[in-house]
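Student: Pasting in a structure now, in structure tokens, and then I'll have a few things to ask.
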Amino acid sequence: MGQPDDTLAARWAAVRARVDAACRAAGRDPAEVAILPVSKTFGPQAVREATALGLARFGENKVQELRDKSAALADLSLRWVLIGHLQTNKAKDAARLADEVQSLDRPELAQALHRRLEAEGRTLDVLVQVKTSPEESKHGLPPHALHGFLEHLAGLPSLRVRGLMTLAVQSDDPGAVRACFRQLRELRDAAQACGHDLPRLSMGMSGDFPLAIAEGATEVRIGTAIFGRR
Ligand SMILES: *Cc1c(COP(=O)(O)O)cnc(C)c1O
């Protein structure tokens, strides 16, 4: 913090370079891995500054914060992605404000979003959040319930299911972290073998994205490394 090169532009360039390096190390094309900048807790001004770098899509974890920020930035055409736990009673605002929800993790929420989207005449890209780590604090659908949930979603046409999302266990053991990412990829591969089209895997954050890229992430969600400490 405080060094002359510690600017948003410098941090963004460094993250893009590290993502590209992780792709090359994994034998993957950097064009296959998108970066979702996570702007939660940072104000509209930080997001506005990021748009000057060409960023136009941002992750938020709270509906209230998304509502305030998107209102303050209504003059820009931004895409907002909800990545945090979503209460069913917030489905109305989520359906109105979000361009995408990556934290879809239960049938009641899917049902509520679908109802609201039908009322708005919209569709929404969604990722199914799967719980791949044992921590109580982490949300997500239990892996064994994925098949049934995908069948359920097939009956809710306003939700366009594009892939899966997860948060890895918080651990100093890279093997344990990587196992979470591997599980998500294997679940996706199994679901695809059953006919579900799930091209996207959203996994990896500031502290663990190289492991996620090695396991097939198509999108990494980066907050701290771009915007700074929260
Ligand atoms: C905050 C958050 C991120 C980004 O975390 P950093 O460690 O700051 O990169 C990614 N995914 C989710 C679901 C988050 O809530």
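Chains: A, B, ... in order of the structure tokens. Residues: from 1 per chain. Ligands: from 1, in order shown.
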Mind running chain A against ligand 1 at 9 Å and telling me each contacting residue's nearest atom pair with the distance in Å (one decimal), counting only C-alpha atoms and all ligand atoms, chain and number ascending, as JSON lines?
Tutor:
```
{"residue": "A:Leu36", "atom": "CA", "partner": "ligand 1", "partner_atom_place_in_ligand_line": "10 (C)", "distance": 8.6}
{"residue": "A:Pro37", "atom": "CA", "partner": "ligand 1", "partner_atom_place_in_ligand_line": "4 (C)", "distance": 7.9}
{"residue": "A:Val38", "atom": "CA", "partner": "ligand 1", "partner_atom_place_in_ligand_line": "4 (C)", "distance": 5.6}
{"residue": "A:Ser39", "atom": "CA", "partner": "ligand 1", "partner_atom_place_in_ligand_line": "1 (C)", "distance": 8.2}
{"residue": "A:Lys40", "atom": "CA", "partner": "ligand 1", "partner_atom_place_in_ligand_line": "1 (C)", "distance": 6.7}
{"residue": "A:Gly59", "atom": "CA", "partner": "ligand 1", "partner_atom_place_in_ligand_line": "3 (C)", "distance": 7.9}
{"residue": "A:Glu60", "atom": "CA", "partner": "ligand 1", "partner_atom_place_in_ligand_line": "15 (O)", "distance": 7.4}
{"residue": "A:Asn61", "atom": "CA", "partner": "ligand 1", "partner_atom_place_in_ligand_line": "15 (O)", "distance": 5.6}
{"residue": "A:Leu82", "atom": "CA", "partner": "ligand 1", "partner_atom_place_in_ligand_line": "13 (C)", "distance": 8.5}
{"residue": "A:Ile83", "atom": "CA", "partner": "ligand 1", "partner_atom_place_in_ligand_line": "13 (C)", "distance": 4.8}
{"residue": "A:Gly84", "atom": "CA", "partner": "ligand 1", "partner_atom_place_in_ligand_line": "13 (C)", "distance": 5.3}
{"residue": "A:His85", "atom": "CA", "partner": "ligand 1", "partner_atom_place_in_ligand_line": "13 (C)", "distance": 8.1}
{"residue": "A:Gln102", "atom": "CA", "partner": "ligand 1", "partner_atom_place_in_ligand_line": "13 (C)", "distance": 8.3}
{"residue": "A:Ser103", "atom": "CA", "partner": "ligand 1", "partner_atom_place_in_ligand_line": "13 (C)", "distance": 7.8}
{"residue": "A:Met165", "atom": "CA", "partner": "ligand 1", "partner_atom_place_in_ligand_line": "13 (C)", "distance": 8.7}
{"residue": "A:Thr166", "atom": "CA", "partner": "ligand 1", "partner_atom_place_in_ligand_line": "13 (C)", "distance": 7.7}
{"residue": "A:Leu167", "atom": "CA", "partner": "ligand 1", "partner_atom_place_in_ligand_line": "13 (C)", "distance": 6.6}
{"residue": "A:Ser202", "atom": "CA", "partner": "ligand 1", "partner_atom_place_in_ligand_line": "11 (N)", "distance": 8.8}
{"residue": "A:Met203", "atom": "CA", "partner": "ligand 1", "partner_atom_place_in_ligand_line": "11 (N)", "distance": 7.8}
{"residue": "A:Gly204", "atom": "CA", "partner": "ligand 1", "partner_atom_place_in_ligand_line": "10 (C)", "distance": 7.2}
{"residue": "A:Met205", "atom": "CA", "partner": "ligand 1", "partner_atom_place_in_ligand_line": "9 (O)", "distance": 4.2}
{"residue": "A:Ser206", "atom": "CA", "partner": "ligand 1", "partner_atom_place_in_ligand_line": "9 (O)", "distance": 3.6}
{"residue": "A:Gly207", "atom": "CA", "partner": "ligand 1", "partner_atom_place_in_ligand_line": "7 (O)", "distance": 5.8}
{"residue": "A:Asp208", "atom": "CA", "partner": "ligand 1", "partner_atom_place_in_ligand_line": "7 (O)", "distance": 8.2}
{"residue": "A:Phe209", "atom": "CA", "partner": "ligand 1", "partner_atom_place_in_ligand_line": "9 (O)", "distance": 8.6}
{"residue": "A:Val220", "atom": "CA", "partner": "ligand 1", "partner_atom_place_in_ligand_line": "10 (C)", "distance": 7.8}
{"residue": "A:Arg221", "atom": "CA", "partner": "ligand 1", "partner_atom_place_in_ligand_line": "10 (C)", "distance": 4.6}
{"residue": "A:Ile222", "atom": "CA", "partner": "ligand 1", "partner_atom_place_in_ligand_line": "9 (O)", "distance": 3.7}
{"residue": "A:Gly223", "atom": "CA", "partner": "ligand 1", "partner_atom_place_in_ligand_line": "8 (O)", "distance": 3.5}
{"residue": "A:Thr224", "atom": "CA", "partner": "ligand 1", "partner_atom_place_in_ligand_line": "8 (O)", "distance": 3.7}
{"residue": "A:Ala225", "atom": "CA", "partner": "ligand 1", "partner_atom_place_in_ligand_line": "9 (O)", "distance": 6.1}
{"residue": "A:Ile226", "atom": "CA", "partner": "ligand 1", "partner_atom_place_in_ligand_line": "9 (O)", "distance": 7.8}
{"residue": "A:Phe227", "atom": "CA", "partner": "ligand 1", "partner_atom_place_in_ligand_line": "8 (O)", "distance": 8.2}
{"residue": "A:Gly228", "atom": "CA", "partner": "ligand 1", "partner_atom_place_in_ligand_line": "8 (O)", "distance": 8.0}
{"residue": "A:Arg229", "atom": "CA", "partner": "ligand 1", "partner_atom_place_in_ligand_line": "8 (O)", "distance": 7.4}
{"residue": "A:Arg230", "atom": "CA", "partner": "ligand 1", "partner_atom_place_in_ligand_line": "8 (O)", "distance": 7.6}
```
Student: Using only C-alpha atoms, tabulate the residues of stretch 21-134 of chain A lying at most 8 Å from any atom of stretch 144-152 of chain A, each with its closest atom pair and that distance in Å to one decimal, by chain and increasing residue number, as a tab-separated table.
Tutor:
```
residue	atom	partner	partner_atom	distance
A:Arg106	CA	A:Phe149	CA	7.6
A:Pro107	CA	A:Phe149	CA	7.0
A:Val130	CA	A:Leu146	CA	7.8
```
Student: Taking only C-alpha atoms into account, which of A:Val161, A:Leu201, A:Leu141, A:Leu109 comes nearest A:Arg185?
Tutor: A:Leu201
Student: Where in stretch 95-152 of chain A does DSSP assign strand (DSSP E), given as a PyMOL selection string?
Tutor: chain A and resi 100-104+124-129
Student: For the residues selected in the previous step, produce a file with N, CA and C atoms as an mmCIF file, in the first residue's frame.
Tutor:
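Once everything was written out, this is selection_35.cif:
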```
data_model
loop_
_atom_site.group_PDB
_atom_site.id
_atom_site.type_symbol
_atom_site.label_atom_id
_atom_site.label_comp_id
_atom_site.auth_asym_id
_atom_site.auth_seq_id
_atom_site.Cartn_x
_atom_site.Cartn_y
_atom_site.Cartn_z
ATOM 1 N N GLU A 100 -26.655 -11.713 -13.603
ATOM 2 C CA GLU A 100 -26.259 -13.106 -13.444
ATOM 3 C C GLU A 100 -26.214 -13.426 -11.953
ATOM 4 N N VAL A 101 -26.585 -14.649 -11.588
ATOM 5 C CA VAL A 101 -26.479 -15.103 -10.203
ATOM 6 C C VAL A 101 -25.644 -16.382 -10.183
ATOM 7 N N GLN A 102 -24.549 -16.341 -9.411
ATOM 8 C CA GLN A 102 -23.664 -17.516 -9.344
ATOM 9 C C GLN A 102 -23.883 -18.325 -8.066
ATOM 10 N N SER A 103 -24.801 -17.851 -7.211
ATOM 11 C CA SER A 103 -24.985 -18.495 -5.908
ATOM 12 C C SER A 103 -26.334 -19.204 -5.817
ATOM 13 N N LEU A 104 -26.789 -19.750 -6.907
ATOM 14 C CA LEU A 104 -28.044 -20.499 -6.899
ATOM 15 C C LEU A 104 -27.793 -21.860 -6.263
ATOM 16 N N LEU A 124 -32.261 -14.978 -16.859
ATOM 17 C CA LEU A 124 -31.076 -14.710 -16.051
ATOM 18 C C LEU A 124 -30.096 -15.871 -16.218
ATOM 19 N N ASP A 125 -28.826 -15.532 -16.475
ATOM 20 C CA ASP A 125 -27.794 -16.573 -16.469
ATOM 21 C C ASP A 125 -27.510 -16.954 -15.016
ATOM 22 N N VAL A 126 -27.451 -18.237 -14.747
ATOM 23 C CA VAL A 126 -27.162 -18.679 -13.376
ATOM 24 C C VAL A 126 -26.090 -19.769 -13.384
ATOM 25 N N LEU A 127 -25.337 -19.801 -12.291
ATOM 26 C CA LEU A 127 -24.446 -20.923 -12.004
ATOM 27 C C LEU A 127 -24.960 -21.568 -10.722
ATOM 28 N N VAL A 128 -24.841 -22.856 -10.631
ATOM 29 C CA VAL A 128 -25.244 -23.564 -9.416
ATOM 30 C C VAL A 128 -24.044 -23.623 -8.480
ATOM 31 N N GLN A 129 -24.241 -23.078 -7.274
ATOM 32 C CA GLN A 129 -23.156 -23.122 -6.280
ATOM 33 C C GLN A 129 -23.186 -24.458 -5.555
#
```
Student: Taking only C-alpha atoms into account, name the residue in A:Thr41, A:Thr7, A:Ser70, A:Gln111 that is nearest to A:Ala56.
Tutor: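 Of A:Thr41, A:Thr7, A:Ser70, A:Gln111, the one nearest A:Ala56 is A:Ser70, counting only C-alpha atoms.
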Student: Which of stretch 15-230 of chain A end up as alpha helix (DSSP H) when DSSP is run on this backbone - answer as JSON, numbers by chain?
Tutor: {"A": [15, 16, 17, 18, 19, 20, 21, 22, 23, 24, 25, 44, 45, 46, 47, 48, 49, 50, 51, 63, 64, 65, 66, 67, 68, 69, 70, 71, 72, 91, 92, 93, 94, 95, 96, 97, 107, 108, 109, 110, 111, 112, 113, 114, 115, 116, 117, 118, 119, 120, 146, 147, 148, 149, 150, 151, 152, 153, 174, 175, 176, 177, 178, 179, 180, 181, 182, 183, 184, 185, 186, 187, 188, 189, 190, 191, 192, 193, 209, 210, 211, 212, 213, 214, 224, 225, 226, 227]}
